[in-house]
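J.: I am attaching a structure below and will ask some questions about it afterwards.
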Amino acid sequence: MHCFAPRLGELSIYCIDVSHRIAKYLYNIYVFASHCLNCSSTTGFTIMSGTGLIYDEEMTRYKLLWTDPVCKIEVPERLTVSYEALKCRGLEQRCVCVPTRQATDEEILLVHSKEYLEAVKQTPHMSLEDLLTFTQQYGDVYFHPNIYHCAQLAVGAALQLVDNIMTGKVRNGMALVRPPGHHSQRSEANGFCVFNNVAIATLYAKKHYNLNRVLIVDWDIHHGQGVQYCFEEDSSVLYFSWHRYEHQRFWPNLAESDYDSVGKGKGTGFNINLPWNKVGMTNSDYLSAFFHVLLPIAYEFDPELVFVCAGFDSAIGDPEGHMCASPEIFGHLTHLLMSLAEGKLCVVLEGGYNLTSLAQSVCQTVQTLLGDPTPVLNDIGPPCHSALESVHNVRAAHQKNWGCLKHTVCPVSEPSSKYCRVEEREEQQEEETTEQLVWPEPSPRDAPPVHTAALISKEQEDLLTEACQRLGETSPKYIEEAEKIRNKHFQDITDKKFLQCIQDVVSLLEKIRNKEVRNGLVMVSDVFVSLKCAVEHAINSLSQRILVLFVGEGDVPVDTKDGRVLLVQICRKEPDGVSSLYHVPVCLNKDVFSSASVMAAVLGLLLPLAYEFNPGLVLQVMAEGSGMLEVPVWAQLTSLLQGVAQGTTLALLKGCDRDMVRATGASLSGAPAPSLGPLDPPLTKDVEAIEAQRQRLQKQWGLLLNTTQKNGTASQDR
């Protein structure tokens, strides 16, 4: 039995364009304050909770009725194994189960022609012979007497997800639907797709919720040409697709799937195609595409809603993709997208034909949507040469369209990926190898009973969210441990405030080590003493690799020579004597740093370094008087860093105002980061400083590579 939900009330969102830098700064403060006011009086910050899940068994009730070697992989079990895996892991019970509904003709006609819709409407009454004849006018698709009904439900599921997210009933969600949609065009079924679910949902969201900017991320292994055709002249929709291309030899074999297809007219620059010209792409290649192409442009675009065309045929073991990316990577890609659009993320199933990796990847995605700790990713390094060439060429093709790329000098790489440089025999052998790959079951992603704990004054308790627990008195055993550290490293310290500071740091690190809490926040009297204490204690008892993000000036008392500590310092003036490849000073201009410059450093330096370093703990330090970062930027940075070290973070704050404390606790607790607004281009001098560090470090840290020019040292093609 199906639930036909009434159309929900319209929500009007008005966007005021401001160009003056001061006005933009005030707007960002207003956005952050709005987050803080939309809450109960006790918490001071709302964490919009709930992950929607849409599944209807009815969408499994069609299948291929004749022999077709191309279409035989699109089976009902694709949905059932995904849903059963969610139930088996207890994830379905944690989600808000949203009923589906049938899409109306009016809704389907947002994308498709009336003639095509009327033709599909006739299929339930056709004989087998007529269905076969009808099917043969389209490419790589099949029809069944029940497929029109299922296609209505698939579209309706995507619309239900939009309504529930935009009205605040859930924060994000996933729709397990069938048939998929991203290949279908205005008057044509194609690639197993009847109606274009995400394209219809995008236009529906724009119409009913007055949205001005929507991002569609298509990580299916096939190019979603139907979505591209729908929006290629539309500057309000940014479409990003990576896809197996192999110099136009992989389906759908379109010239317009290459990197130089950037949109038309007003939509120029809003269509981003990243072609994979070899099989065997790994987690590193996928992260490289996100860090160096998608995320910089997405932050500049500033979407109000994000869709994912979630095709898991880009996962390991898939007979279509022949890629080597593990299911865990989709948990990370989802996390990276959740910092956009204030967390409003609609994930809609597309492809995925290895039933094992499909189910695992769906579970990894949903767990991240639910806020579980991200999985560990090992062996992250440089992208392969072919992937790097694609990243380079996409950046070159879009250099004039986006401010985040305008300062980079990156002509199209020669020989261009327009030309094939791989022999057919070598390619076939590589495909055979990837088909035989075996991968381990993803490890459990269990969360501690307390998400975030804080050691702050009683007067500041109102700054904490419900998910953030204020700790009381320090346990005697932690006091004893703190005393050992003081005796070893801080014998000259007798000030009670400093001694309390050491006790607080040790107390929270011990709770993290014992998995009583996931992360923590401490208000400290001395950041240098606190940081040194945290590093010494963590190295000995918690993790062999620690990432330190330090915002402030001066020589940070952290030894980076042995490679166990990676220090990234955001400052105005470079410290003296920096030579270690594990000490990365990011020196930016202006008293209050440009949001665009900070995000350029975060996406182009900090996150690639963090993922490749693979720390077991992140220490975020905000020094007193370092009001160089705007509150929303710090909140974004904190949210993004929750993707590494399984979200294990200790934030040390000194002399910060109430908004900064509130933002830190909220981001650590899983609250959606506030929007930064459409970003201006980063400052030229800041880009030069970031690029200088990238050039210095890229031989050691391969994930920093974003070009095939000059010092490019990508790994050899796999």
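Following the order of the structure tokens, first chain is A, next is B, and so on, with residues numbered from 1 inside each chain and ligands from 1 in the order they appear.
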Can you tell me, as a ChimeraX atom specification, which residues in range 155-271 of chain A count as helix (DSSP H, G or I) by DSSP?
T.: /A:155-166,197-209,225-231,255-257,265-267
J.: Each residue of range 268-344 of chain A lying at most 12 Å from range 612-631 of chain A should get a row with its shortest atom-to-atom pair and the distance in Å to one decimal, counting only C-alpha atoms; could you produce that, ordered by chain and increasing number, as a Markdown table?
T.:
```
| residue | atom | partner | partner_atom | distance |
| --- | --- | --- | --- | --- |
| A:Asn283 | CA | A:Glu612 | CA | 10.9 |
| A:Ser284 | CA | A:Glu612 | CA | 8.7 |
| A:Leu287 | CA | A:Glu612 | CA | 10.2 |
| A:Ser288 | CA | A:Glu612 | CA | 10.9 |
```
J.: Nearest residue to Val524 in chain A out of A:Cys404, A:Ala359, A:Met599, A:Leu650, using only C-alpha atoms?
T.: A:Leu650
J.: Residues within 8 Å of range 165-167 of chain A, please, as a VMD selection string. Count only C-alpha atoms; anything in the same chain fewer than 6 positions from it doesn't count.
T.: chain A and resid 11 173 209 344 to 346
J.: Using only N, CA and C atoms, please write the residues we just selected to a file, as a PDB file, in the first residue's frame.
T.:
```pdb
ATOM      1  N   LEU A  11       8.087  27.117   0.792  1.00  0.00           N
ATOM      2  CA  LEU A  11       8.986  27.872   1.665  1.00  0.00           C
ATOM      3  C   LEU A  11       9.715  28.906   0.813  1.00  0.00           C
ATOM      4  N   GLY A 173      19.078  12.860   3.327  1.00  0.00           N
ATOM      5  CA  GLY A 173      18.414  11.582   3.113  1.00  0.00           C
ATOM      6  C   GLY A 173      18.863  10.886   1.852  1.00  0.00           C
ATOM      7  N   TYR A 209      10.616  25.966  -3.923  1.00  0.00           N
ATOM      8  CA  TYR A 209      11.341  26.533  -2.784  1.00  0.00           C
ATOM      9  C   TYR A 209      12.205  27.724  -3.183  1.00  0.00           C
ATOM     10  N   LYS A 344      22.023  20.276   3.558  1.00  0.00           N
ATOM     11  CA  LYS A 344      20.841  19.793   2.824  1.00  0.00           C
ATOM     12  C   LYS A 344      21.307  18.962   1.628  1.00  0.00           C
ATOM     13  N   LEU A 345      21.279  17.650   1.808  1.00  0.00           N
ATOM     14  CA  LEU A 345      21.869  16.722   0.843  1.00  0.00           C
ATOM     15  C   LEU A 345      20.865  15.624   0.489  1.00  0.00           C
ATOM     16  N   CYS A 346      20.534  15.513  -0.806  1.00  0.00           N
ATOM     17  CA  CYS A 346      19.608  14.494  -1.319  1.00  0.00           C
ATOM     18  C   CYS A 346      20.403  13.478  -2.131  1.00  0.00           C
TER      19      CYS A 346
END
```
